[in-house]
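Participant: Please see the structure below; I have some questions.
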Amino acid sequence: THSAAATVTVTMLAGFTNYVNQANGAPAAPYTSWATAATNIVDAVAAAAAGGVTLVATGSYRETSTIAITQPLRLESVGGPARVLINGAGARRGIITSPGVNAFITGFTISNCAGTDGAGIYCNAGDVVSNCTFVRNVASGSGGGVYGIGAAHVVACVFYTNNAAHGGGVYLNGGTLARSTFINNLAGFASGYGGGAYMNGGRILACTFSTNLARYGGGAYAYYGNEIRDTWFIGN
């Protein structure tokens with residue numbers, strides 16, 4: 001049974017909320033109302049205050065550069081991953097965070113992104129990625145969907161048909177992977193490890209791995225001191 005629970009605490013500073021709506025005709029920095037909302041996520045995040053919130057309206061966002069979170073920030077969609085898409089156009093990483101910012105990223109579908117490590121999201125210790133869906137992202141290195149350096153946390157996400165040399169869906173160095181689903185991900189550039197996930201320490205809690213593929217660890221490859229509980233591996 002999926003009875004494991006993961007509790008993640010994130011400390012944020014106080015900051016303002018700004019907004020993104022690709023259909024807005026009158027954007028004005030720092031985009032602090034829907035009437036003045038940015039039309040792309042990159043601009044709104046760059047204008048955000050430390051400890052603030054950036055809210056993204058329904059739409060398909062094909063950014064012209066990687067979304068870079070360089071200070072404490074909550075990046076959140078309105079309506080969840082079924083309604084807000086970040087599309088990398090097969091040319092760039094979706095999101096990257098700086099060390100020590102404790103970013104919280106929630107409610108997006110991230111698709112068709114490309115990069116070395118972490119094509120969808122490259123995150124750092126203390127960051128949380130929650131309620132996101134990762135589809136058809138390709139990393140030439142590790143972590144097609146998400147790459148976490150240090151104890152990052154991935155909670156309640158879906159990974160489908162992502163591809164990397166190692167960790168087709170996710171590659172985490174410590175941290176927590178919880179209540180997430182992995183389907184048809186591939187670690188397949190030569191001798192790949194972890195079709196669904198590669199965990200270098202940390203915890204896998206209440207996840208499902210189905211029909212993922214790798215040379216070693218089709219569902220998940222756990223290296224050094226991992227805890228795996230309440231998790232299903234099916235047809236990997």
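Ligands are numbered from 1 in the order shown, chains are lettered A, B, ... in the order of the structure tokens, and residues start at 1 in each chain.
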Find the residues around stretch 131-137 of chain A up to 8 Å (only C-alpha atoms counted), leave out those fewer than 2 positions away in its own chain, and share them as number ranges by chain.

Facilitator: A: 80-81, 90, 106-114, 119-120, 129, 139, 144-145, 155-163, 169

Participant: Choose the residue, out of A:Ser180, A:Thr231, A:Thr208, A:Ser33, that has the smallest atom-to-atom separation from A:Thr54; count only C-alpha atoms.

Facilitator: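 Comparing A:Ser180, A:Thr231, A:Thr208, A:Ser33 against A:Thr54, the winner is A:Ser33.
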
Participant: Could you go through stretch 35-204 of chain A and tell me which residues DSSP, when run on the backbone, assigns to helix (DSSP H, G or I), listing them as a list in words?

Facilitator: Ala35, Thr36, Ile41, Val42, Asp43, Ala44, Val45, Ala46 and Ala47 of chain A

Participant: From the DSSP assignment of the backbone, select every residue of stretch 47-209 of chain A that is strand (DSSP E or B), and format the answer as number ranges by chain.

Facilitator: A: 52-56, 59-61, 67-69, 73-77, 84-87, 95-97, 104-106, 109-111, 114-115, 121-124, 128-130, 133-135, 138-139, 142, 146-149, 153-155, 158-160, 163-164, 166, 170-172, 176-178, 181-183, 186-187, 193, 197-205, 208-209

Participant: Tell me, as a list of chain:residue names, which residues lie within 10 Å of A:Gly115, counting only C-alpha atoms; anything in the same chain fewer than 6 positions away does not count.

Facilitator: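 Surrounding residues, per the criterion: A:Gly88, A:Gly90, A:Ala91, A:Arg92, A:Arg93, A:Gly94, A:Ile121, A:Tyr122, A:Asn137, A:Val138, A:Ala139, A:Ser140, A:Gly141, A:Ser142, A:Gly143, A:Gly144, A:Ala164.
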
Participant: Please produce a file of the residues just selected, as a short mmCIF file (atom, residue, chain, number, x, y, z; two decimals), in the first residue's frame, where the atoms kept are N, CA, C and O atoms.

Facilitator:
data_model
loop_
_atom_site.label_atom_id
_atom_site.label_comp_id
_atom_site.auth_asym_id
_atom_site.auth_seq_id
_atom_site.Cartn_x
_atom_site.Cartn_y
_atom_site.Cartn_z
N GLY A 88 10.09 23.61 -24.09
CA GLY A 88 11.47 23.98 -24.40
C GLY A 88 11.81 23.98 -25.87
O GLY A 88 12.95 24.29 -26.24
N GLY A 90 12.57 21.80 -27.81
CA GLY A 90 13.68 20.91 -28.15
C GLY A 90 15.03 21.58 -28.16
O GLY A 90 16.02 21.01 -28.64
N ALA A 91 15.11 22.80 -27.59
CA ALA A 91 16.32 23.60 -27.72
C ALA A 91 16.95 24.05 -26.41
O ALA A 91 18.10 24.47 -26.41
N ARG A 92 16.20 23.99 -25.31
CA ARG A 92 16.75 24.57 -24.08
C ARG A 92 16.15 23.88 -22.85
O ARG A 92 15.10 23.25 -22.92
N ARG A 93 16.85 24.05 -21.72
CA ARG A 93 16.35 23.59 -20.42
C ARG A 93 15.14 24.42 -20.04
O ARG A 93 15.03 25.61 -20.38
N GLY A 94 14.22 23.81 -19.27
CA GLY A 94 13.03 24.53 -18.84
C GLY A 94 13.31 25.54 -17.73
O GLY A 94 13.05 26.73 -17.87
N ILE A 121 14.12 20.43 -15.38
CA ILE A 121 14.50 21.30 -14.26
C ILE A 121 15.85 20.87 -13.72
O ILE A 121 16.06 19.68 -13.44
N TYR A 122 16.74 21.82 -13.53
CA TYR A 122 17.99 21.61 -12.79
C TYR A 122 17.84 22.36 -11.47
O TYR A 122 17.69 23.59 -11.45
N ASN A 137 11.27 15.09 -22.32
CA ASN A 137 12.48 15.89 -22.12
C ASN A 137 13.70 15.00 -22.30
O ASN A 137 13.69 13.83 -21.91
N VAL A 138 14.77 15.56 -22.86
CA VAL A 138 15.95 14.77 -23.20
C VAL A 138 17.21 15.45 -22.66
O VAL A 138 17.51 16.60 -23.01
N ALA A 139 17.94 14.72 -21.80
CA ALA A 139 19.22 15.21 -21.27
C ALA A 139 20.35 14.36 -21.82
O ALA A 139 20.27 13.12 -21.78
N SER A 140 21.40 14.98 -22.32
CA SER A 140 22.55 14.23 -22.81
C SER A 140 23.37 13.65 -21.66
O SER A 140 24.11 12.69 -21.85
N GLY A 141 23.21 14.22 -20.45
CA GLY A 141 23.85 13.71 -19.25
C GLY A 141 22.85 12.95 -18.39
O GLY A 141 22.37 11.89 -18.78
N SER A 142 22.52 13.50 -17.22
CA SER A 142 21.66 12.81 -16.26
C SER A 142 20.39 13.61 -15.98
O SER A 142 20.39 14.84 -15.99
N GLY A 143 19.30 12.87 -15.71
CA GLY A 143 18.05 13.51 -15.30
C GLY A 143 17.30 14.15 -16.46
O GLY A 143 17.33 15.37 -16.62
N GLY A 144 16.59 13.33 -17.25
CA GLY A 144 15.83 13.89 -18.35
C GLY A 144 14.78 14.88 -17.89
O GLY A 144 14.63 15.96 -18.45
N ALA A 164 17.54 10.13 -20.78
CA ALA A 164 18.85 10.65 -20.36
C ALA A 164 19.84 9.50 -20.37
O ALA A 164 19.46 8.33 -20.46
#
